[in-house]
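Structure data (compact mmCIF, C-alpha atoms) from target_21.txt:
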# COMPACT_ATOMS: atom_id res chain seq x y z
CA MET A 128 -59.11 -128.11 13.88
CA THR A 129 -56.02 -125.98 14.51
CA THR A 130 -55.61 -124.07 17.73
CA THR A 131 -55.31 -120.30 17.97
CA THR A 132 -51.60 -120.63 18.77
CA GLU A 133 -51.05 -122.78 15.70
CA GLN A 134 -52.98 -120.30 13.57
CA LEU A 135 -50.90 -117.36 14.82
CA SER A 136 -47.66 -119.26 14.29
CA ALA A 137 -48.56 -119.51 10.63
CA THR A 138 -49.16 -115.76 10.24
CA THR A 139 -46.62 -113.05 9.59
CA LEU A 140 -45.68 -110.17 11.86
CA LEU A 141 -46.11 -106.53 10.81
CA ARG A 142 -44.52 -103.71 12.79
CA PHE A 143 -46.18 -100.40 12.01
CA ALA A 144 -46.32 -96.88 13.43
CA THR A 145 -48.96 -94.18 13.40
CA ALA A 146 -48.05 -90.52 12.98
CA GLY A 147 -49.69 -87.23 12.17
CA SER A 148 -50.29 -83.71 13.40
CA VAL A 149 -51.99 -82.75 16.66
CA ASP A 150 -55.63 -83.83 16.97
CA ASP A 151 -55.64 -85.69 13.66
CA GLY A 152 -57.08 -88.69 15.52
CA LYS A 153 -54.19 -91.15 15.76
CA SER A 154 -55.15 -92.58 19.13
CA THR A 155 -58.80 -92.77 18.11
CA LEU A 156 -57.81 -94.70 14.97
CA VAL A 157 -55.71 -97.12 17.02
CA GLY A 158 -58.53 -97.53 19.51
CA ARG A 159 -61.00 -98.17 16.69
CA LEU A 160 -58.64 -100.77 15.17
CA LEU A 161 -58.34 -102.57 18.49
CA HIS A 162 -62.05 -102.33 19.29
CA ASP A 163 -63.47 -103.35 15.92
CA SER A 164 -60.96 -106.18 15.44
CA LYS A 165 -62.06 -107.61 18.82
CA SER A 166 -58.59 -107.07 20.30
CA VAL A 167 -59.73 -105.28 23.48
CA LEU A 168 -60.23 -107.12 26.75
CA GLU A 169 -63.63 -106.67 28.36
CA ASP A 170 -62.24 -105.05 31.51
CA GLN A 171 -60.24 -102.55 29.40
CA LEU A 172 -63.38 -101.54 27.52
CA GLU A 173 -65.37 -101.24 30.74
CA HIS A 174 -62.70 -98.93 32.18
CA VAL A 175 -62.74 -96.73 29.06
CA GLU A 176 -66.54 -96.58 29.17
CA ALA A 177 -66.46 -95.56 32.85
CA VAL A 178 -63.89 -92.80 32.28
CA SER A 179 -65.81 -91.54 29.24
CA GLN A 180 -69.10 -91.43 31.19
CA ALA A 181 -67.40 -89.55 34.02
CA ARG A 182 -66.40 -86.92 31.48
CA GLY A 183 -69.97 -86.64 30.23
CA GLN A 184 -69.34 -88.40 26.92
CA ASP A 185 -72.18 -90.45 25.45
CA THR A 186 -69.90 -92.94 23.67
CA PRO A 187 -66.60 -94.54 24.74
CA ASP A 188 -63.52 -92.45 23.93
CA LEU A 189 -61.49 -95.11 22.13
CA ALA A 190 -58.36 -92.93 22.27
CA LEU A 191 -58.11 -93.87 25.95
CA LEU A 192 -57.16 -97.40 24.91
CA THR A 193 -53.70 -96.10 23.91
CA ASP A 194 -53.23 -92.85 25.83
CA GLY A 195 -52.08 -94.49 29.05
CA LEU A 196 -50.21 -91.68 30.80
CA ARG A 197 -52.19 -89.50 33.19
CA ALA A 198 -50.97 -86.32 31.49
CA GLU A 199 -52.10 -87.72 28.14
CA ARG A 200 -55.62 -88.34 29.40
CA GLU A 201 -55.85 -84.95 31.13
CA GLN A 202 -54.70 -83.01 28.07
CA GLY A 203 -56.25 -85.24 25.42
CA ILE A 204 -52.94 -85.62 23.60
CA THR A 205 -50.35 -88.34 23.02
CA ILE A 206 -46.98 -87.66 24.68
CA ASP A 207 -45.06 -90.91 24.67
CA VAL A 208 -44.90 -93.81 22.22
CA ALA A 209 -47.57 -96.36 23.12
CA TYR A 210 -46.90 -99.90 21.91
CA ARG A 211 -49.81 -102.23 21.38
CA TYR A 212 -49.80 -105.90 20.39
CA PHE A 213 -52.77 -107.47 18.67
CA ALA A 214 -53.57 -110.12 16.11
CA THR A 215 -56.16 -111.17 13.57
CA ALA A 216 -56.56 -114.54 11.89
CA ARG A 217 -54.32 -113.32 9.04
CA ARG A 218 -51.45 -111.49 10.78
CA ARG A 219 -49.85 -110.42 14.07
CA PHE A 220 -49.14 -106.74 14.72
CA ILE A 221 -46.83 -104.59 16.84
CA LEU A 222 -48.17 -101.04 16.71
CA ALA A 223 -46.39 -97.86 17.84
CA ASP A 224 -48.78 -94.95 18.42
CA THR A 225 -46.54 -91.87 18.24
CA PRO A 226 -47.24 -88.26 19.31
CA GLY A 227 -48.26 -85.49 16.94
CA HIS A 228 -46.78 -82.42 18.66
CA VAL A 229 -43.66 -80.98 17.03
CA GLN A 230 -41.71 -81.27 20.29
CA TYR A 231 -42.34 -85.02 20.31
CA THR A 232 -41.10 -85.72 16.77
CA ARG A 233 -38.20 -87.59 18.41
CA ASN A 234 -40.75 -90.15 19.60
CA MET A 235 -41.89 -90.71 16.02
CA VAL A 236 -38.26 -91.49 15.12
CA THR A 237 -38.23 -94.09 17.89
CA GLY A 238 -41.52 -95.66 16.86
CA ALA A 239 -40.77 -95.78 13.13
CA SER A 240 -37.15 -96.95 13.38
CA THR A 241 -38.18 -100.63 13.30
CA ALA A 242 -41.46 -100.24 11.40
CA GLU A 243 -42.22 -101.79 8.01
CA LEU A 244 -45.21 -99.49 7.54
CA ALA A 245 -46.21 -96.02 8.70
CA VAL A 246 -49.77 -94.75 8.90
CA VAL A 247 -49.72 -90.95 8.48
CA LEU A 248 -53.01 -89.31 9.47
CA VAL A 249 -54.30 -86.06 8.02
CA ASP A 250 -57.35 -84.11 9.19
CA ALA A 251 -59.54 -83.77 6.10
CA ARG A 252 -60.44 -80.22 7.18
CA ASN A 253 -56.81 -79.07 7.39
CA GLY A 254 -55.09 -81.06 4.67
CA VAL A 255 -51.32 -81.54 4.53
CA VAL A 256 -49.56 -79.40 7.14
CA GLU A 257 -45.90 -78.98 8.12
CA GLN A 258 -46.00 -81.79 10.67
CA THR A 259 -47.43 -84.10 8.00
CA ARG A 260 -44.43 -83.28 5.82
CA ARG A 261 -42.08 -83.80 8.75
CA HIS A 262 -43.45 -87.28 9.43
CA ALA A 263 -43.29 -88.19 5.73
CA ALA A 264 -39.64 -87.07 5.70
CA VAL A 265 -38.84 -89.13 8.80
CA ALA A 266 -40.52 -92.19 7.25
CA ALA A 267 -38.48 -91.71 4.07
CA LEU A 268 -35.21 -91.24 5.96
CA LEU A 269 -35.85 -94.34 8.06
CA ARG A 270 -36.50 -96.31 4.86
CA VAL A 271 -40.01 -97.36 5.91
CA PRO A 272 -41.08 -99.29 2.80
CA HIS A 273 -44.85 -98.73 3.01
CA VAL A 274 -46.75 -95.55 3.91
CA VAL A 275 -50.51 -95.29 4.36
CA LEU A 276 -52.11 -91.86 4.10
CA ALA A 277 -55.23 -92.01 6.26
CA VAL A 278 -57.38 -88.97 5.49
CA ASN A 279 -59.38 -88.84 8.74
CA LYS A 280 -62.55 -87.01 9.82
CA MET A 281 -64.17 -87.43 6.42
CA ASP A 282 -67.52 -87.21 8.24
CA LEU A 283 -66.75 -83.56 9.03
CA VAL A 284 -66.35 -82.66 5.33
CA GLY A 285 -69.49 -84.46 4.18
CA TYR A 286 -67.58 -87.52 2.90
CA ARG A 287 -66.77 -85.53 -0.26
CA GLU A 288 -64.47 -87.29 -2.74
CA PRO A 289 -62.83 -84.07 -4.11
CA VAL A 290 -61.54 -83.22 -0.62
CA PHE A 291 -59.92 -86.63 -0.29
CA ALA A 292 -58.54 -86.60 -3.85
CA ALA A 293 -56.84 -83.21 -3.42
CA ILE A 294 -55.15 -84.21 -0.15
CA ALA A 295 -54.09 -87.58 -1.54
CA GLU A 296 -52.55 -85.98 -4.63
CA GLU A 297 -50.63 -83.37 -2.61
CA PHE A 298 -49.24 -85.88 -0.13
CA THR A 299 -48.38 -88.49 -2.77
CA THR A 300 -46.46 -85.93 -4.82
CA TYR A 301 -44.51 -84.78 -1.76
CA ALA A 302 -43.74 -88.28 -0.43
CA SER A 303 -42.73 -89.52 -3.87
CA GLU A 304 -40.17 -86.72 -4.12
CA LEU A 305 -38.75 -87.96 -0.81
CA GLY A 306 -38.35 -91.44 -2.30
CA VAL A 307 -41.13 -93.26 -0.43
CA PRO A 308 -41.57 -96.42 -2.56
CA GLU A 309 -45.25 -97.14 -1.89
CA ILE A 310 -48.08 -94.85 -0.81
CA THR A 311 -51.67 -95.97 -0.22
CA ALA A 312 -54.36 -93.33 0.47
CA ILE A 313 -57.50 -94.34 2.39
CA PRO A 314 -60.42 -92.02 3.38
CA ILE A 315 -61.60 -92.79 6.92
CA SER A 316 -63.51 -91.61 9.94
CA ALA A 317 -61.87 -93.13 12.99
CA LEU A 318 -64.61 -91.82 15.28
CA ALA A 319 -67.44 -93.32 13.22
CA GLY A 320 -65.48 -96.38 12.06
CA ASP A 321 -65.67 -95.67 8.32
CA ASN A 322 -63.09 -97.71 6.35
CA VAL A 323 -61.09 -98.62 9.46
CA VAL A 324 -62.12 -102.25 9.87
CA GLU A 325 -65.43 -102.29 7.97
CA PRO A 326 -66.06 -100.64 4.58
CA SER A 327 -67.91 -97.35 4.74
CA ALA A 328 -71.48 -97.03 3.52
CA ASN A 329 -70.95 -93.27 3.26
CA MET A 330 -68.17 -93.36 0.63
CA ASP A 331 -69.38 -95.61 -2.17
CA TRP A 332 -67.01 -93.73 -4.48
CA TYR A 333 -64.03 -95.41 -2.75
CA GLY A 334 -63.27 -98.95 -3.88
CA GLY A 335 -59.96 -99.60 -2.12
CA PRO A 336 -59.15 -101.56 1.04
CA THR A 337 -59.98 -100.61 4.60
CA VAL A 338 -57.08 -99.78 6.91
CA LEU A 339 -57.13 -103.22 8.55
CA GLU A 340 -57.49 -105.02 5.22
CA HIS A 341 -54.41 -103.21 3.91
CA LEU A 342 -52.45 -103.94 7.09
CA GLU A 343 -53.35 -107.62 6.78
CA THR A 344 -52.36 -107.95 3.12
CA VAL A 345 -49.41 -105.57 2.57
CA PRO A 346 -46.29 -107.59 1.66
CA VAL A 347 -43.84 -107.78 4.57
CA SER A 348 -40.17 -108.14 3.74
CA HIS A 349 -37.95 -108.09 6.81
CA ASP A 350 -35.82 -111.14 6.15
CA LEU A 351 -32.60 -110.22 7.93
CA THR A 352 -30.98 -113.43 6.74
CA SER A 353 -30.76 -112.14 3.15
CA CYS A 354 -28.22 -109.47 4.16
CA PRO A 355 -24.49 -110.07 4.74
CA ALA A 356 -23.81 -111.45 8.22
CA ARG A 357 -23.00 -108.94 10.95
CA PHE A 358 -22.31 -110.00 14.54
CA PRO A 359 -21.63 -107.16 17.03
CA VAL A 360 -19.92 -108.57 20.13
CA GLN A 361 -21.74 -107.73 23.37
CA TYR A 362 -19.79 -109.77 25.89
CA VAL A 363 -16.73 -112.02 26.08
CA ILE A 364 -17.39 -115.27 27.98
CA ARG A 365 -14.41 -116.80 29.82
CA PRO A 366 -15.69 -119.20 32.53
CA GLN A 367 -12.19 -120.49 33.42
CA THR A 368 -13.74 -123.35 35.38
CA ALA A 369 -12.55 -126.93 35.77
CA GLU A 370 -15.24 -127.96 33.26
CA HIS A 371 -14.38 -125.22 30.76
CA PRO A 372 -10.77 -124.17 31.45
CA ASP A 373 -10.05 -122.80 27.96
CA TYR A 374 -13.51 -121.72 26.80
CA ARG A 375 -13.54 -118.33 25.04
CA GLY A 376 -16.80 -117.29 23.44
CA TYR A 377 -18.17 -114.06 22.04
CA ALA A 378 -21.81 -113.45 22.90
CA GLY A 379 -24.24 -111.19 21.11
CA GLN A 380 -27.23 -110.93 18.80
CA ILE A 381 -26.77 -111.53 15.08
CA ALA A 382 -27.77 -108.23 13.48
CA SER A 383 -28.18 -109.67 9.99
CA GLY A 384 -27.32 -112.62 7.81
CA VAL A 385 -26.28 -116.19 8.61
CA LEU A 386 -23.22 -117.54 10.45
CA ARG A 387 -21.89 -121.05 9.81
CA VAL A 388 -19.31 -123.22 11.52
CA GLY A 389 -16.17 -123.42 9.38
CA GLU A 390 -16.76 -120.01 7.80
CA ALA A 391 -13.81 -117.62 7.43
CA VAL A 392 -14.50 -114.38 9.31
CA THR A 393 -12.85 -111.01 9.87
CA VAL A 394 -12.90 -109.17 13.19
CA LEU A 395 -13.33 -105.40 12.84
CA PRO A 396 -11.90 -102.86 13.31
CA SER A 397 -8.64 -104.80 13.86
CA GLY A 398 -8.93 -106.69 10.57
CA ARG A 399 -7.70 -109.97 12.13
CA THR A 400 -9.06 -113.12 10.51
CA SER A 401 -10.07 -116.53 11.81
CA VAL A 402 -12.57 -119.34 11.30
CA ILE A 403 -15.77 -120.03 13.22
CA GLU A 404 -14.97 -123.10 15.29
CA GLY A 405 -18.33 -123.39 17.02
CA ILE A 406 -21.67 -121.69 17.65
CA ASP A 407 -23.57 -122.14 20.92
CA ALA A 408 -27.28 -121.32 21.06
CA LEU A 409 -29.50 -121.93 24.08
CA GLY A 410 -26.84 -124.11 25.68
CA GLU A 411 -26.36 -126.37 22.66
CA SER A 412 -23.83 -126.42 19.84
CA VAL A 413 -25.26 -125.71 16.39
CA ASP A 414 -23.76 -125.61 12.90
CA ILE A 415 -25.68 -122.57 11.71
CA ALA A 416 -27.32 -119.49 13.24
CA TRP A 417 -29.18 -116.54 11.74
CA ALA A 418 -30.53 -113.10 12.59
CA PRO A 419 -31.93 -112.13 15.01
CA GLN A 420 -30.78 -115.06 17.18
CA SER A 421 -28.64 -114.45 20.26
CA VAL A 422 -25.68 -116.81 20.23
CA THR A 423 -22.11 -117.33 21.41
CA VAL A 424 -19.48 -117.65 18.68
CA ARG A 425 -16.18 -119.50 19.20
CA LEU A 426 -13.22 -118.85 16.89
CA ALA A 427 -10.32 -121.14 16.00
CA ASP A 428 -7.71 -118.50 16.94
CA ASP A 429 -7.15 -116.49 20.11
CA ILE A 430 -7.72 -112.90 19.01
CA ASP A 431 -8.00 -109.78 21.12
CA ILE A 432 -11.75 -109.21 20.86
CA SER A 433 -13.90 -107.10 23.18
CA ARG A 434 -17.33 -105.53 23.36
CA GLY A 435 -17.96 -103.34 20.33
CA ASP A 436 -15.96 -105.41 17.86
CA LEU A 437 -17.80 -106.73 14.80
CA ILE A 438 -17.43 -110.25 13.40
CA ALA A 439 -18.33 -110.61 9.71
CA PRO A 440 -17.67 -113.13 6.92
CA SER A 441 -14.35 -112.27 5.27
CA ALA A 442 -15.99 -112.41 1.84
CA SER A 443 -18.48 -109.65 2.68
CA ALA A 444 -16.85 -107.68 5.52
CA PRO A 445 -17.68 -103.96 5.57
CA ALA A 446 -15.00 -101.33 5.19
CA THR A 447 -13.97 -99.38 8.28
CA THR A 448 -13.88 -95.60 8.38
CA GLN A 449 -13.38 -92.68 10.74
CA ASP A 450 -15.23 -90.23 8.49
CA ILE A 451 -18.99 -90.68 8.47
CA GLU A 452 -21.41 -88.77 6.26
CA ALA A 453 -24.98 -89.20 7.35
CA THR A 454 -28.44 -87.74 7.67
CA VAL A 455 -29.56 -87.11 11.24
CA CYS A 456 -32.81 -86.32 13.01
CA HIS A 457 -31.92 -84.01 15.88
CA VAL A 458 -33.93 -85.02 18.95
CA ALA A 459 -32.40 -83.04 21.83
CA ASP A 460 -33.45 -79.65 23.18
CA GLN A 461 -29.86 -78.40 23.00
CA PRO A 462 -28.52 -77.55 19.52
CA LEU A 463 -25.96 -79.65 17.66
CA SER A 464 -23.22 -77.36 16.37
CA VAL A 465 -20.17 -77.67 14.15
CA GLY A 466 -17.24 -78.62 16.35
CA ALA A 467 -19.40 -80.36 18.95
CA ARG A 468 -17.67 -83.18 20.82
CA VAL A 469 -19.98 -86.16 21.06
CA LEU A 470 -20.07 -89.88 21.63
CA LEU A 471 -21.15 -92.01 18.69
CA LYS A 472 -22.89 -95.30 19.51
CA HIS A 473 -22.99 -97.85 16.69
CA THR A 474 -24.36 -101.32 17.54
CA THR A 475 -22.43 -102.26 20.72
CA ARG A 476 -19.51 -99.87 20.12
CA THR A 477 -19.27 -96.33 21.54
CA VAL A 478 -16.46 -93.97 20.49
CA LYS A 479 -15.54 -90.30 20.79
CA ALA A 480 -16.34 -88.13 17.79
CA ILE A 481 -16.44 -84.55 16.50
CA VAL A 482 -19.09 -82.97 14.31
CA LYS A 483 -16.82 -81.63 11.56
CA GLU A 484 -19.47 -80.22 9.23
CA ILE A 485 -23.19 -79.63 8.94
CA PRO A 486 -23.48 -79.20 5.18
CA SER A 487 -27.22 -78.61 5.05
CA ARG A 488 -30.56 -78.56 6.84
CA LEU A 489 -33.73 -79.77 5.14
CA THR A 490 -36.55 -77.27 4.62
CA LEU A 491 -39.70 -79.35 4.85
CA ASP A 492 -42.04 -77.00 2.98
CA ASP A 493 -40.33 -77.34 -0.41
CA LEU A 494 -37.60 -79.95 0.28
CA SER A 495 -34.90 -77.37 -0.42
CA GLN A 496 -31.55 -77.47 1.38
CA HIS A 497 -30.47 -74.65 3.64
CA PRO A 498 -26.67 -74.73 3.20
CA SER A 499 -24.21 -74.54 6.11
CA PRO A 500 -26.72 -73.79 8.89
CA GLY A 501 -23.97 -74.05 11.53
CA GLN A 502 -26.20 -76.00 13.89
CA LEU A 503 -29.28 -78.19 14.09
CA VAL A 504 -31.99 -77.58 16.68
CA ALA A 505 -34.68 -79.89 18.06
CA ASN A 506 -36.57 -81.78 15.34
CA ASP A 507 -34.32 -80.54 12.52
CA ILE A 508 -33.29 -82.97 9.79
CA GLY A 509 -29.90 -82.37 8.21
CA ARG A 510 -26.68 -83.75 6.82
CA VAL A 511 -23.61 -84.05 9.06
CA VAL A 512 -20.00 -85.11 8.65
CA VAL A 513 -18.59 -86.79 11.77
CA ARG A 514 -14.98 -87.77 12.51
CA THR A 515 -14.54 -90.59 15.02
CA ALA A 516 -11.55 -91.29 17.25
CA GLU A 517 -11.53 -94.97 16.26
CA PRO A 518 -12.52 -96.79 13.05
CA LEU A 519 -16.09 -98.06 12.75
CA ALA A 520 -17.53 -100.74 10.49
CA LEU A 521 -20.73 -99.15 9.20
CA ASP A 522 -22.94 -100.28 6.37
CA ALA A 523 -25.00 -97.82 4.38
CA TYR A 524 -28.39 -97.37 6.03
CA ALA A 525 -30.00 -98.14 2.65
CA ASP A 526 -28.40 -101.60 2.84
CA SER A 527 -28.97 -102.32 6.54
CA ARG A 528 -31.16 -100.45 9.01
CA ARG A 529 -29.45 -102.33 11.86
CA THR A 530 -25.78 -101.65 11.10
CA GLY A 531 -26.23 -98.42 9.14
CA SER A 532 -27.74 -96.47 12.04
CA PHE A 533 -26.13 -94.78 15.02
CA LEU A 534 -26.77 -92.35 17.86
CA LEU A 535 -24.94 -89.15 18.75
CA ILE A 536 -24.75 -88.74 22.54
CA ASP A 537 -23.75 -85.86 24.83
CA PRO A 538 -20.63 -87.11 26.67
CA ALA A 539 -21.41 -84.87 29.66
CA ASP A 540 -24.76 -86.33 30.70
CA GLY A 541 -25.56 -89.19 28.29
CA THR A 542 -28.40 -87.34 26.54
CA THR A 543 -29.23 -88.62 23.07
CA LEU A 544 -28.63 -85.75 20.65
CA ALA A 545 -29.45 -87.21 17.24
CA ALA A 546 -30.35 -90.41 15.42
CA GLY A 547 -28.20 -90.92 12.34
CA MET A 548 -28.51 -92.88 9.10
CA ALA A 549 -25.17 -93.43 7.36
CA GLY A 550 -24.71 -92.93 3.65
CA GLU A 551 -26.87 -91.40 0.94
CA SER A 552 -30.34 -89.96 1.46
CA PHE A 553 -32.62 -87.56 -0.32
CA ALA A 554 -30.66 -84.73 1.39
CA SER A 555 -28.02 -82.75 -0.51
CA GLN A 556 -24.48 -84.06 -0.49
CA ALA A 557 -22.97 -80.56 -0.73
CA ARG A 558 -19.74 -80.23 1.20
CA THR A 559 -18.13 -77.20 2.79
CA THR A 560 -14.66 -76.62 4.15
CA VAL A 561 -14.27 -76.51 7.94
CA GLN A 562 -11.15 -75.38 9.77
CA ALA A 563 -9.30 -77.90 11.95
CA ASP A 564 -10.46 -78.11 15.53
CA GLU A 565 -8.38 -75.98 17.88
CA GLU A 566 -8.89 -77.90 21.14
CA GLY A 567 -7.26 -81.22 20.49
CA TRP A 568 -10.22 -83.20 19.14
CA ASP A 569 -9.09 -83.05 15.50
CA PHE A 570 -8.95 -86.75 14.73
What is this structure when it is put down as structure tokens?
Amino acid sequence: MTTTTEQLSATTLLRFATAGSVDDGKSTLVGRLLHDSKSVLEDQLEHVEAVSQARGQDTPDLALLTDGLRAEREQGITIDVAYRYFATARRRFILADTPGHVQYTRNMVTGASTAELAVVLVDARNGVVEQTRRHAAVAALLRVPHVVLAVNKMDLVGYREPVFAAIAEEFTTYASELGVPEITAIPISALAGDNVVEPSANMDWYGGPTVLEHLETVPVSHDLTSCPARFPVQYVIRPQTAEHPDYRGYAGQIASGVLRVGEAVTVLPSGRTSVIEGIDALGESVDIAWAPQSVTVRLADDIDISRGDLIAPSASAPATTQDIEATVCHVADQPLSVGARVLLKHTTRTVKAIVKEIPSRLTLDDLSQHPSPGQLVANDIGRVVVRTAEPLALDAYADSRRTGSFLLIDPADGTTLAAGMAGESFASQARTTVQADEEGWDF
């Protein structure tokens, strides 16, 4: 008989995020998933039961299993991203429970940035609202391949099929226009447990999977080794000891692809070429390494390489550019305006940059583009054109979520302003003419 560890080692890992509007029941759904899949420790459940009884509740408030901050429990809302790890016999899960309030949309960007699936909750009484559209847009921009529409609180609408069907049709039409490749709609009641882990006896008209069944069986495709190799340098290792007098290695985590000893590589942005002479992993020399391993690469030639440089196979090296067109989710309280001087962080490289244009802002109600808004405010989604002081080696975000993403940062205080996805998106590619910067940042 195999052990639990051996069983888990044979399962796949699914990273998924929950999202939805305020009071749609995200935390209750997560709590129900954990509780009904037997993933809650006994002392955790006892604590939740005690807190619920102190509040005068007859049944345990399963939302307390994820709402860990004191302010969250006092207000009954989710404020920060809560990560939970659990497993069934079929799959391991990393779950990000994200807030529903508009002012916390930035947290949904964080939680969904590495997710392969997003569960978007809708209150069956309210249907699709603006925040639902916002979360669908974020999931589409972040190239989340699978989206589950969980129509919650079906018990409060009498478990009526027409209510579910109308919401499912509206959301599916909207998300499909955004380019979401796969949408699965499931009617649930997180509070009562209908169609979360066990099939519902109250909705015999529904013949699809439960939420957990879908999570366990949805195809997961996050093989980073199938993409061209990208190795952002984090640190240069020069021991200069008697044992290693001439050792020069470049340490970092392989973002994608496979590196092999003897392979011809190009160092970007300099464009210098060399050959991989050796790869060290966990203190041993290896002939091959793959994403997401952390390794030290040694090259045959002495090249000026520092943190922020990118090593890639010469046959598939990305082009460098100083002009970046991208879609951004603005996450800061302060607006992002045309002409703003920012820092752009891409993998391990941070450079000065200017926002040269903001061609459009997305209107979530009808997916229309508001041209030349001049600035983006908190939680806006829009297109930007950025000019950097130094060349960067970006891939299109559609090709690589790791090397096609970046952050815009306030150089004054280090605040993150926006999360960017390079290349094409569902947003308009309309361009406008902007005058040259007048204060010396016109790169």
Applying 9 Å and only C-alpha atoms, which residues near stretch 316-324 of chain A remain after dropping the ones on its own chain fewer than 4 positions away? List them as a PDB file with C-alpha atoms, in the frame of the given file.
ATOM      1  CA  GLY A 152     -57.080 -88.690  15.520  1.00  0.00           C
ATOM      2  CA  LYS A 153     -54.190 -91.150  15.760  1.00  0.00           C
ATOM      3  CA  THR A 155     -58.800 -92.770  18.110  1.00  0.00           C
ATOM      4  CA  LEU A 156     -57.810 -94.700  14.970  1.00  0.00           C
ATOM      5  CA  VAL A 157     -55.710 -97.120  17.020  1.00  0.00           C
ATOM      6  CA  GLY A 158     -58.530 -97.530  19.510  1.00  0.00           C
ATOM      7  CA  ARG A 159     -61.000 -98.170  16.690  1.00  0.00           C
ATOM      8  CA  LEU A 160     -58.640-100.770  15.170  1.00  0.00           C
ATOM      9  CA  ASP A 163     -63.470-103.350  15.920  1.00  0.00           C
ATOM     10  CA  SER A 164     -60.960-106.180  15.440  1.00  0.00           C
ATOM     11  CA  ASP A 188     -63.520 -92.450  23.930  1.00  0.00           C
ATOM     12  CA  LEU A 189     -61.490 -95.110  22.130  1.00  0.00           C
ATOM     13  CA  VAL A 278     -57.380 -88.970   5.490  1.00  0.00           C
ATOM     14  CA  ASN A 279     -59.380 -88.840   8.740  1.00  0.00           C
ATOM     15  CA  LYS A 280     -62.550 -87.010   9.820  1.00  0.00           C
ATOM     16  CA  MET A 281     -64.170 -87.430   6.420  1.00  0.00           C
ATOM     17  CA  ASP A 282     -67.520 -87.210   8.240  1.00  0.00           C
ATOM     18  CA  LEU A 283     -66.750 -83.560   9.030  1.00  0.00           C
ATOM     19  CA  ALA A 328     -71.480 -97.030   3.520  1.00  0.00           C
ATOM     20  CA  ASN A 329     -70.950 -93.270   3.260  1.00  0.00           C
ATOM     21  CA  MET A 330     -68.170 -93.360   0.630  1.00  0.00           C
ATOM     22  CA  PRO A 336     -59.150-101.560   1.040  1.00  0.00           C
ATOM     23  CA  THR A 337     -59.980-100.610   4.600  1.00  0.00           C
ATOM     24  CA  VAL A 338     -57.080 -99.780   6.910  1.00  0.00           C
ATOM     25  CA  LEU A 339     -57.130-103.220   8.550  1.00  0.00           C
ATOM     26  CA  GLU A 340     -57.490-105.020   5.220  1.00  0.00           C
TER      27      GLU A 340
END
As a check of understanding: the span from atom CA of A:Tyr362 to atom CA of A:Val513 is 27.0 Å
Using all atoms listed in the file for the distances, tell me which of A:Ala293, A:Ile438, A:Ile310, A:Ile406 is nearest to A:Ala266.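 Smallest distance to A:Ala266 is found for A:Ile310.
For the set A:Thr215, A:Thr393, A:Thr237, A:Thr352, the residue with the smallest atom-to-atom gap to A:Ala444 is A:Thr393, counting only C-alpha atoms.
Distance-wise, atom CA of A:Gln361 and atom CA of A:Gly531 end up 17.6 Å apart.
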